[in-house]
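Dumped work_11.txt below, it's compact mmCIF, C-alpha atoms:
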# COMPACT_ATOMS: atom_id res chain seq x y z
CA MET A 15 26.91 -6.73 -51.65
CA ARG A 16 28.09 -5.86 -48.14
CA CYS A 17 25.30 -5.70 -45.54
CA VAL A 18 25.42 -2.66 -43.26
CA THR A 19 23.90 -3.27 -39.80
CA GLN A 20 22.46 -0.32 -37.90
CA PRO A 21 23.74 -0.04 -34.34
CA THR A 22 21.24 -0.94 -31.61
CA ARG A 23 19.55 2.10 -30.12
CA ARG A 24 19.32 2.54 -26.35
CA LEU A 25 15.96 3.79 -25.06
CA MET A 26 15.63 5.69 -21.78
CA LEU A 27 12.19 5.94 -20.18
CA LEU A 28 11.64 8.52 -17.44
CA ASP A 29 9.03 8.07 -14.73
CA THR A 30 8.65 11.83 -14.89
CA ALA A 31 6.47 12.46 -11.84
CA SER A 32 8.72 10.30 -9.69
CA LEU A 33 11.70 12.38 -10.79
CA TYR A 34 10.14 15.84 -10.43
CA PHE A 35 8.89 14.91 -6.94
CA ARG A 36 12.47 13.99 -6.06
CA ALA A 37 13.72 17.22 -7.60
CA TYR A 38 11.14 19.22 -5.65
CA PHE A 39 12.23 17.76 -2.32
CA GLY A 40 15.92 17.72 -3.22
CA VAL A 41 16.35 21.28 -4.50
CA PRO A 42 15.70 24.18 -2.09
CA GLU A 43 12.48 26.13 -2.61
CA SER A 44 14.63 29.26 -2.56
CA VAL A 45 15.33 28.49 -6.23
CA ARG A 46 12.80 30.85 -7.77
CA ALA A 47 11.77 32.57 -10.98
CA PRO A 48 12.25 36.36 -11.39
CA ASP A 49 8.70 36.90 -10.09
CA GLY A 50 9.44 34.88 -6.94
CA THR A 51 7.63 31.68 -8.00
CA PRO A 52 9.44 28.51 -6.89
CA VAL A 53 10.97 26.59 -9.80
CA ASN A 54 13.02 24.08 -7.82
CA ALA A 55 11.25 21.08 -9.38
CA VAL A 56 11.64 22.49 -12.91
CA ARG A 57 15.33 23.23 -12.60
CA GLY A 58 16.01 20.07 -10.62
CA LEU A 59 14.38 17.90 -13.28
CA LEU A 60 16.38 19.61 -16.06
CA GLU A 61 19.56 18.91 -14.12
CA PHE A 62 18.50 15.28 -13.62
CA ILE A 63 17.89 14.84 -17.36
CA ASP A 64 21.22 16.48 -18.18
CA ARG A 65 23.09 14.11 -15.86
CA LEU A 66 21.23 11.05 -17.14
CA ILE A 67 22.04 11.86 -20.75
CA ARG A 68 25.70 12.54 -19.98
CA ASP A 69 26.13 9.39 -17.92
CA HIS A 70 24.08 6.90 -19.95
CA ARG A 71 24.01 8.26 -23.53
CA PRO A 72 20.54 7.17 -24.65
CA ASP A 73 19.64 7.41 -28.34
CA ASP A 74 15.95 7.75 -27.55
CA LEU A 75 14.30 9.38 -24.54
CA VAL A 76 10.66 9.51 -23.44
CA ALA A 77 9.30 11.48 -20.50
CA CYS A 78 6.39 9.25 -19.46
CA MET A 79 3.51 11.02 -17.73
CA ASP A 80 0.57 10.15 -15.49
CA ALA A 81 -2.46 11.06 -17.60
CA ASP A 82 -4.39 9.29 -14.84
CA TRP A 83 -2.49 8.58 -11.64
CA ARG A 84 -5.36 6.44 -10.21
CA PRO A 85 -7.20 4.76 -13.09
CA ARG A 86 -10.81 3.85 -12.44
CA TRP A 87 -10.31 0.30 -13.74
CA ARG A 88 -7.79 -0.32 -10.98
CA VAL A 89 -9.93 1.35 -8.30
CA ASP A 90 -12.98 -0.70 -9.33
CA LEU A 91 -10.99 -3.85 -8.52
CA ILE A 92 -9.32 -2.62 -5.32
CA PRO A 93 -11.08 0.51 -3.93
CA SER A 94 -8.24 1.24 -1.49
CA TYR A 95 -5.80 1.70 -4.40
CA LYS A 96 -4.00 5.01 -3.70
CA ALA A 97 -7.11 6.19 -1.82
CA HIS A 98 -5.03 7.86 0.92
CA ARG A 99 -3.47 10.17 -1.69
CA VAL A 100 -6.76 11.58 -3.02
CA ALA A 101 -7.12 15.31 -2.38
CA ALA A 102 -10.53 15.58 -4.11
CA GLU A 103 -12.71 13.13 -5.98
CA THR A 104 -13.62 13.99 -9.58
CA PRO A 105 -16.56 11.91 -10.90
CA ALA A 106 -15.99 12.89 -14.54
CA GLY A 107 -12.23 12.34 -14.64
CA PRO A 108 -9.08 11.49 -12.68
CA ASP A 109 -9.25 12.26 -8.96
CA GLU A 110 -7.10 15.13 -7.78
CA GLU A 111 -3.88 13.91 -6.18
CA GLU A 112 -2.44 15.41 -3.02
CA VAL A 113 0.53 17.45 -4.24
CA PRO A 114 2.46 20.18 -2.39
CA ASP A 115 1.00 23.63 -3.12
CA THR A 116 4.22 24.96 -4.61
CA LEU A 117 4.79 21.90 -6.80
CA SER A 118 1.45 21.85 -8.68
CA PRO A 119 2.09 25.13 -10.58
CA GLN A 120 5.49 23.84 -11.71
CA VAL A 121 4.11 20.79 -13.55
CA PRO A 122 2.71 22.77 -16.55
CA VAL A 123 6.05 24.59 -16.78
CA ILE A 124 7.90 21.26 -16.87
CA GLU A 125 5.60 20.05 -19.64
CA ALA A 126 6.04 23.24 -21.68
CA VAL A 127 9.84 23.13 -21.37
CA LEU A 128 10.02 19.47 -22.42
CA ASP A 129 7.80 20.21 -25.42
CA ALA A 130 9.88 23.21 -26.47
CA LEU A 131 13.06 21.16 -26.15
CA GLY A 132 11.58 18.42 -28.32
CA ILE A 133 11.88 15.68 -25.69
CA ALA A 134 9.08 13.20 -26.30
CA ARG A 135 6.42 13.46 -23.57
CA VAL A 136 3.77 10.74 -23.49
CA GLY A 137 0.75 10.28 -21.26
CA VAL A 138 -2.29 8.22 -22.23
CA VAL A 139 -5.83 8.75 -20.89
CA GLU A 140 -6.86 6.15 -18.26
CA TYR A 141 -3.30 4.95 -17.77
CA GLU A 142 -0.46 5.67 -15.37
CA ALA A 143 3.09 6.50 -16.42
CA ASP A 144 4.06 2.97 -15.28
CA ASP A 145 1.78 1.53 -17.97
CA VAL A 146 3.24 3.81 -20.64
CA ILE A 147 6.72 2.72 -19.56
CA GLY A 148 5.73 -0.94 -19.62
CA THR A 149 4.34 -0.68 -23.14
CA PHE A 150 7.36 1.19 -24.51
CA ALA A 151 9.70 -1.31 -22.83
CA GLY A 152 7.77 -4.25 -24.24
CA ARG A 153 7.95 -2.90 -27.78
CA ALA A 154 11.62 -1.89 -27.67
CA THR A 155 14.04 -3.74 -29.93
CA GLY A 156 17.16 -2.59 -28.09
CA PRO A 157 18.29 -2.08 -24.49
CA VAL A 158 16.06 -0.05 -22.17
CA ASP A 159 16.92 2.03 -19.11
CA ILE A 160 13.93 2.86 -16.90
CA VAL A 161 14.64 5.72 -14.51
CA THR A 162 12.29 5.71 -11.54
CA GLY A 163 12.08 6.02 -7.80
CA ASP A 164 9.17 3.54 -7.82
CA ARG A 165 10.12 -0.06 -7.04
CA ASP A 166 6.91 -1.30 -8.70
CA LEU A 167 8.75 -1.07 -12.00
CA TYR A 168 11.24 -3.73 -10.92
CA GLN A 169 8.73 -6.16 -12.46
CA LEU A 170 9.88 -5.01 -15.93
CA VAL A 171 13.52 -6.03 -15.41
CA ASP A 172 14.55 -8.52 -18.10
CA ASP A 173 18.22 -9.34 -18.68
CA ARG A 174 17.49 -11.25 -21.88
CA ARG A 175 15.98 -8.13 -23.46
CA GLY A 176 18.36 -5.68 -21.80
CA VAL A 177 15.67 -3.97 -19.69
CA ARG A 178 16.95 -2.61 -16.38
CA VAL A 179 15.80 -0.08 -13.79
CA LEU A 180 17.99 2.82 -12.71
CA TYR A 181 16.80 3.68 -9.21
CA PRO A 182 18.02 7.03 -7.79
CA LEU A 183 19.70 6.73 -4.41
CA LYS A 184 20.98 10.31 -4.27
CA GLY A 185 19.81 12.66 -6.99
CA VAL A 186 20.56 10.82 -10.21
CA GLY A 187 24.31 10.89 -9.76
CA THR A 188 24.13 7.72 -7.67
CA LEU A 189 21.85 5.13 -9.24
CA GLN A 190 21.14 1.58 -8.19
CA VAL A 191 21.37 -0.48 -11.39
CA THR A 192 18.63 -3.05 -10.96
CA ASP A 193 19.03 -6.17 -13.07
CA GLU A 194 17.97 -9.78 -12.49
CA SER A 195 21.04 -10.69 -10.45
CA TRP A 196 20.39 -7.75 -8.09
CA LEU A 197 16.72 -8.70 -7.75
CA ARG A 198 17.56 -12.31 -6.98
CA GLU A 199 20.15 -11.30 -4.38
CA LYS A 200 17.81 -8.79 -2.73
CA TYR A 201 14.40 -10.46 -3.06
CA GLY A 202 15.00 -13.94 -4.45
CA VAL A 203 12.87 -13.27 -7.54
CA ASP A 204 13.20 -12.15 -11.15
CA GLY A 205 11.30 -9.26 -12.74
CA PRO A 206 7.87 -10.91 -13.15
CA GLY A 207 8.37 -12.54 -9.76
CA TYR A 208 8.65 -9.10 -8.18
CA ALA A 209 5.03 -8.33 -9.17
CA ASP A 210 3.87 -11.51 -7.41
CA LEU A 211 6.02 -10.66 -4.39
CA ALA A 212 4.57 -7.14 -4.18
CA LEU A 213 1.03 -8.49 -4.55
CA LEU A 214 1.44 -10.95 -1.67
CA ARG A 215 3.39 -8.57 0.57
CA GLY A 216 1.16 -5.58 -0.09
CA ASP A 217 2.20 -1.97 -0.40
CA PRO A 218 0.78 0.65 2.00
CA SER A 219 2.10 3.48 -0.18
CA ASP A 220 -0.25 2.31 -2.96
CA GLY A 221 -3.08 1.17 -0.71
CA LEU A 222 -2.57 -2.50 -1.56
CA PRO A 223 -3.50 -4.68 1.44
CA GLY A 224 -1.57 -7.80 0.46
CA VAL A 225 -2.23 -11.13 2.16
CA PRO A 226 -2.39 -10.57 5.94
CA GLY A 227 0.43 -12.33 7.75
CA ILE A 228 2.51 -12.86 4.62
CA GLY A 229 5.38 -10.43 4.57
CA GLU A 230 8.25 -10.05 2.14
CA LYS A 231 10.34 -12.98 3.42
CA THR A 232 7.42 -15.42 3.51
CA ALA A 233 6.27 -14.30 0.07
CA ALA A 234 9.78 -14.87 -1.31
CA LYS A 235 9.91 -18.36 0.25
CA LEU A 236 6.53 -19.28 -1.22
CA LEU A 237 7.59 -18.09 -4.67
CA ALA A 238 10.86 -20.02 -4.41
CA GLU A 239 8.91 -23.15 -3.46
CA PHE A 240 6.04 -22.91 -5.94
CA GLY A 241 7.42 -20.75 -8.77
CA ASP A 242 4.82 -18.03 -9.10
CA LEU A 243 1.41 -16.90 -7.84
CA THR A 244 -0.37 -19.47 -9.99
CA GLY A 245 1.80 -22.20 -8.48
CA ILE A 246 1.06 -20.96 -4.96
CA MET A 247 -2.69 -21.02 -5.56
CA ALA A 248 -2.43 -24.50 -7.10
CA ALA A 249 -0.60 -25.61 -3.94
CA LEU A 250 -3.42 -24.16 -1.86
CA ASP A 251 -5.78 -26.59 -3.60
CA ASP A 252 -3.38 -29.50 -3.06
CA PRO A 253 -3.64 -30.99 0.45
CA LYS A 254 -0.17 -32.53 0.06
CA ALA A 255 1.59 -29.25 -0.80
CA LYS A 256 4.03 -27.84 1.74
CA LEU A 257 1.97 -24.98 3.14
CA THR A 258 1.55 -24.39 6.86
CA PRO A 259 -1.99 -24.33 8.26
CA SER A 260 -1.73 -20.57 8.87
CA GLN A 261 -0.51 -19.94 5.32
CA ARG A 262 -3.40 -21.99 3.95
CA LYS A 263 -5.88 -20.06 6.08
CA ARG A 264 -4.51 -16.65 5.08
CA LEU A 265 -4.30 -17.46 1.38
CA HIS A 266 -7.77 -18.98 1.37
CA GLU A 267 -9.29 -15.94 3.10
CA SER A 268 -7.52 -13.68 0.60
CA ARG A 269 -8.83 -15.44 -2.53
CA PRO A 270 -11.06 -12.47 -3.54
CA TYR A 271 -8.08 -10.08 -3.33
CA ILE A 272 -5.70 -12.50 -5.10
CA ALA A 273 -8.22 -12.94 -7.93
CA VAL A 274 -8.17 -9.24 -8.88
CA ALA A 275 -4.81 -7.99 -7.59
CA PRO A 276 -2.66 -9.11 -10.56
CA THR A 277 -4.57 -6.76 -12.87
CA VAL A 278 -3.98 -3.89 -10.45
CA VAL A 279 -0.35 -4.63 -9.56
CA LYS A 280 1.01 -5.65 -12.94
CA VAL A 281 2.03 -2.89 -15.33
CA ALA A 282 -0.11 -2.80 -18.46
CA GLY A 283 1.74 -3.65 -21.66
CA ASP A 284 -0.95 -2.81 -24.18
CA VAL A 285 -1.38 0.95 -23.83
CA PRO A 286 -2.42 2.62 -27.13
CA LEU A 287 0.69 4.75 -27.52
CA PRO A 288 0.56 7.75 -29.85
CA ALA A 289 2.94 8.05 -32.78
CA VAL A 290 5.85 10.06 -31.39
CA ASP A 291 9.45 10.81 -32.33
CA THR A 292 11.48 9.43 -29.42
CA ALA A 293 14.91 10.39 -30.79
CA LEU A 294 16.93 12.51 -28.41
CA PRO A 295 16.84 16.05 -29.85
CA ARG A 296 20.10 17.79 -30.68
CA THR A 297 18.55 21.25 -30.97
CA PRO A 298 15.31 22.65 -29.49
CA ARG A 299 12.10 21.97 -31.36
CA ASP A 300 10.84 25.51 -30.62
CA PRO A 301 13.76 27.82 -29.79
CA GLY A 302 11.53 30.90 -29.49
CA ALA A 303 9.19 29.29 -26.98
CA LEU A 304 12.17 27.92 -25.06
CA ASP A 305 13.77 31.38 -24.83
CA GLU A 306 10.51 32.81 -23.49
CA LEU A 307 10.18 30.04 -20.91
CA ALA A 308 13.82 30.43 -19.86
CA ALA A 309 13.39 34.18 -19.33
CA ARG A 310 10.02 33.99 -17.59
CA TRP A 311 10.97 31.20 -15.21
CA GLY A 312 14.66 31.96 -14.74
CA LEU A 313 15.88 28.55 -15.87
CA GLY A 314 19.43 29.81 -16.21
CA GLY A 315 22.34 27.39 -16.07
CA SER A 316 20.10 24.32 -15.59
CA LEU A 317 18.67 24.72 -19.08
CA GLN A 318 21.91 25.89 -20.68
CA ARG A 319 23.81 22.85 -19.43
CA LEU A 320 21.15 20.52 -20.80
CA LEU A 321 21.19 22.30 -24.17
CA ALA A 322 24.97 21.96 -24.33
CA THR A 323 24.74 18.24 -23.52
CA LEU A 324 22.09 17.67 -26.19
CA GLU A 325 24.15 19.53 -28.79
CA ALA A 326 27.25 17.51 -27.91
Encoding of this model in structure tokens:
Amino acid sequence: MRCVTQPTRRLMLLDTASLYFRAYFGVPESVRAPDGTPVNAVRGLLEFIDRLIRDHRPDDLVACMDADWRPRWRVDLIPSYKAHRVAAETPAGPDEEEVPDTLSPQVPVIEAVLDALGIARVGVVEYEADDVIGTFAGRATGPVDIVTGDRDLYQLVDDRRGVRVLYPLKGVGTLQVTDESWLREKYGVDGPGYADLALLRGDPSDGLPGVPGIGEKTAAKLLAEFGDLTGIMAALDDPKAKLTPSQRKRLHESRPYIAVAPTVVKVAGDVPLPAVDTALPRTPRDPGALDELAARWGLGGSLQRLLATLEA
């Protein structure tokens, strides 16, 4: 009997908030619905998705969402985590993030359009989109393209498993294809090494202090010398290890931060994902709802082009 092998499916994971923020700032606010409401982020995101599908031909596509953009379990470990982006604290749930006034109302529209199209949209309570992406990528059996404007996800790059990051440089027409060779040339590390690099260097945009006095170049040198964060900390306890007195002092003083930071910095890979059909839809899941959304929000050619691409 002849054995028929199924072709490997390519999975594309969208860091959705990262992309609709880029769409919002990249498409003029003069792009509006019939009632005058700005829909630049909605239409821009639809155009991004259309271009990504045409250029990269995924078999499966998931729009990953931030059900909690600042999870309490991360904040409990490092209170400064994303603290500068909090618009209002919410004791019973996720804090309110600072978002432009004309972007916030567009997010529910984006969600409704994706649902009507039948594009899988996944967010999990108490987790960020990064964690959803990390879990999907870890479970994938074929190649994975992660589309994000967030360098934190470089830690998921894995040539052996075919996991790469597509980082938008200009819209999504010009993407930096981030694989292990690019990471090594740019930072001197592989995917997991990037998490250690980011932890040591710190990241003001996420409120991560890092180790004072250890910048990107020093962090890369330490990782090249000692392999990973565990190796660096083992060297700290070894008087014969090649660490300068200042490096020893800074690392020693930062022990409390280094003890908890990996849990905060590293993307979770064990998110309880819901059962969801990730296959790229060829026709809308809810044509009636999609027609209503298109008319109400004036989605015009942006939606029509995406529908034509999906059908093709």
Excluding same-chain residues fewer than 3 positions from Pro218 (chain A), what lies within 12 Å of it counting all atoms listed in the file, as a PDB file with C-alpha atoms, keeping the file's coordinate frame?
ATOM      1  CA  SER A  94      -8.240   1.240  -1.490  1.00  0.00           C
ATOM      2  CA  TYR A  95      -5.800   1.700  -4.400  1.00  0.00           C
ATOM      3  CA  LYS A  96      -4.000   5.010  -3.700  1.00  0.00           C
ATOM      4  CA  ALA A  97      -7.110   6.190  -1.820  1.00  0.00           C
ATOM      5  CA  HIS A  98      -5.030   7.860   0.920  1.00  0.00           C
ATOM      6  CA  ARG A  99      -3.470  10.170  -1.690  1.00  0.00           C
ATOM      7  CA  ALA A 212       4.570  -7.140  -4.180  1.00  0.00           C
ATOM      8  CA  LEU A 213       1.030  -8.490  -4.550  1.00  0.00           C
ATOM      9  CA  ARG A 215       3.390  -8.570   0.570  1.00  0.00           C
ATOM     10  CA  GLY A 221      -3.080   1.170  -0.710  1.00  0.00           C
ATOM     11  CA  LEU A 222      -2.570  -2.500  -1.560  1.00  0.00           C
ATOM     12  CA  PRO A 223      -3.500  -4.680   1.440  1.00  0.00           C
ATOM     13  CA  GLY A 224      -1.570  -7.800   0.460  1.00  0.00           C
TER      14      GLY A 224
END
Original post:
What gap, in Å, lies between CA of Lys235 (chain A) and CA of Leu197 (chain A)?
Top reply: 14.3 Å
Please identify all polymer residues within 10 Å of Leu189 (chain A), counting all atoms listed in the file, omitting same-chain residues fewer than 4 positions from it, and present them as an mmCIF file with C-alpha atoms, in the coordinates of the input.
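So selection-v9.cif came out as:
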data_model
loop_
_atom_site.group_PDB
_atom_site.id
_atom_site.type_symbol
_atom_site.label_atom_id
_atom_site.label_comp_id
_atom_site.auth_asym_id
_atom_site.auth_seq_id
_atom_site.Cartn_x
_atom_site.Cartn_y
_atom_site.Cartn_z
ATOM 1 C CA LEU A 66 21.230 11.050 -17.140
ATOM 2 C CA VAL A 161 14.640 5.720 -14.510
ATOM 3 C CA THR A 162 12.290 5.710 -11.540
ATOM 4 C CA GLY A 163 12.080 6.020 -7.800
ATOM 5 C CA VAL A 179 15.800 -0.080 -13.790
ATOM 6 C CA LEU A 180 17.990 2.820 -12.710
ATOM 7 C CA TYR A 181 16.800 3.680 -9.210
ATOM 8 C CA PRO A 182 18.020 7.030 -7.790
ATOM 9 C CA LEU A 183 19.700 6.730 -4.410
ATOM 10 C CA LYS A 184 20.980 10.310 -4.270
ATOM 11 C CA GLY A 185 19.810 12.660 -6.990
#
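Put simply, CA of Ser316 (chain A) is 27.8 Å away from CA of Glu111 (chain A).
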To test the calculation: enclose all listed atoms of region 207-216 of chain A in a box whose edges run along x, y and z, add 8 Å on each side, then state centre and edge lengths in Å to one decimal, as JSON.
{"center_x": 4.8, "center_y": -9.1, "center_z": -4.6, "size_x": 23.6, "size_y": 23.0, "size_z": 26.3}
Subject >> Distance query region 46-53 of chain A at most 8 Å, only C-alpha atoms, self and fewer than 5 positions along chain excluded, as a list in words >> reply: Thr116, Gln120, Arg310, Trp311, Gly312 and Leu313 of chain A
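Taking all atoms listed in the file into account, the residues near (16.5, 17.5, -4.4), no farther than 9 Å, are Tyr34, Phe35, Arg36, Ala37, Tyr38, Phe39, Gly40, Val41, Pro42, Asn54, Ala55, Gly58, Lys184 and Gly185 of chain A.
The closest residue to Ser118 (chain A), picked from A:Leu214, A:Ala151, A:Val158, A:Ala31 and counting only C-alpha atoms, is A:Ala31.
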**OP:** Name the closest residue to Leu236 (chain A) among the candidates A:Leu33, A:Leu211, A:Leu27, A:Val171; distances are taken between atoms, counting all atoms listed in the file.
**Re:** A:Leu211
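Distances here use all atoms listed in the file; by that measure, the residue among A:Ala234, A:Asp220, A:Val177, A:Lys256 closest to Lys200 (chain A) is A:Ala234.
The two atoms in question, CA of Leu243 (chain A) and CA of Pro226 (chain A), are spaced 15.6 Å apart.
The environment of Tyr168 (chain A) within 9 Å, counting all atoms listed in the file and disregarding residues fewer than 5 places along the same chain, consists of Arg178, Val179, Thr192, Asp193, Leu197, Asp204, Gly205, Pro206, Tyr208 and Ala209 of chain A.
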Original post:
Which residue gives the smallest distance to Gly315 (chain A) among A:Arg23, A:Gly229, A:Glu61, A:Glu112, with all atoms listed in the file counted?
Top reply: A:Glu61
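Here the question is which of A:Ala101, A:Val136, A:Ile228, A:Leu304 gets nearest to Gly216 (chain A) using only C-alpha atoms, and that residue is A:Ile228.
Residues having any atom no farther than 8 Å from (14.8, 23.8, -27.5) (counting only C-alpha atoms) are A:Val127, A:Ala130, A:Leu131, A:Gly132, A:Thr297, A:Pro298, A:Arg299, A:Asp300, A:Pro301, A:Ala303, A:Leu304, A:Leu321.
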**OP:** Determine, counting all atoms listed in the file, which protein, DNA and RNA residues have an atom within 6 Å of an atom of Met79 (chain A); residues of the same chain fewer than 6 positions away are not included. Present the result as a PyMOL selection string.
**Re:** chain A and resi 30+136-137+143
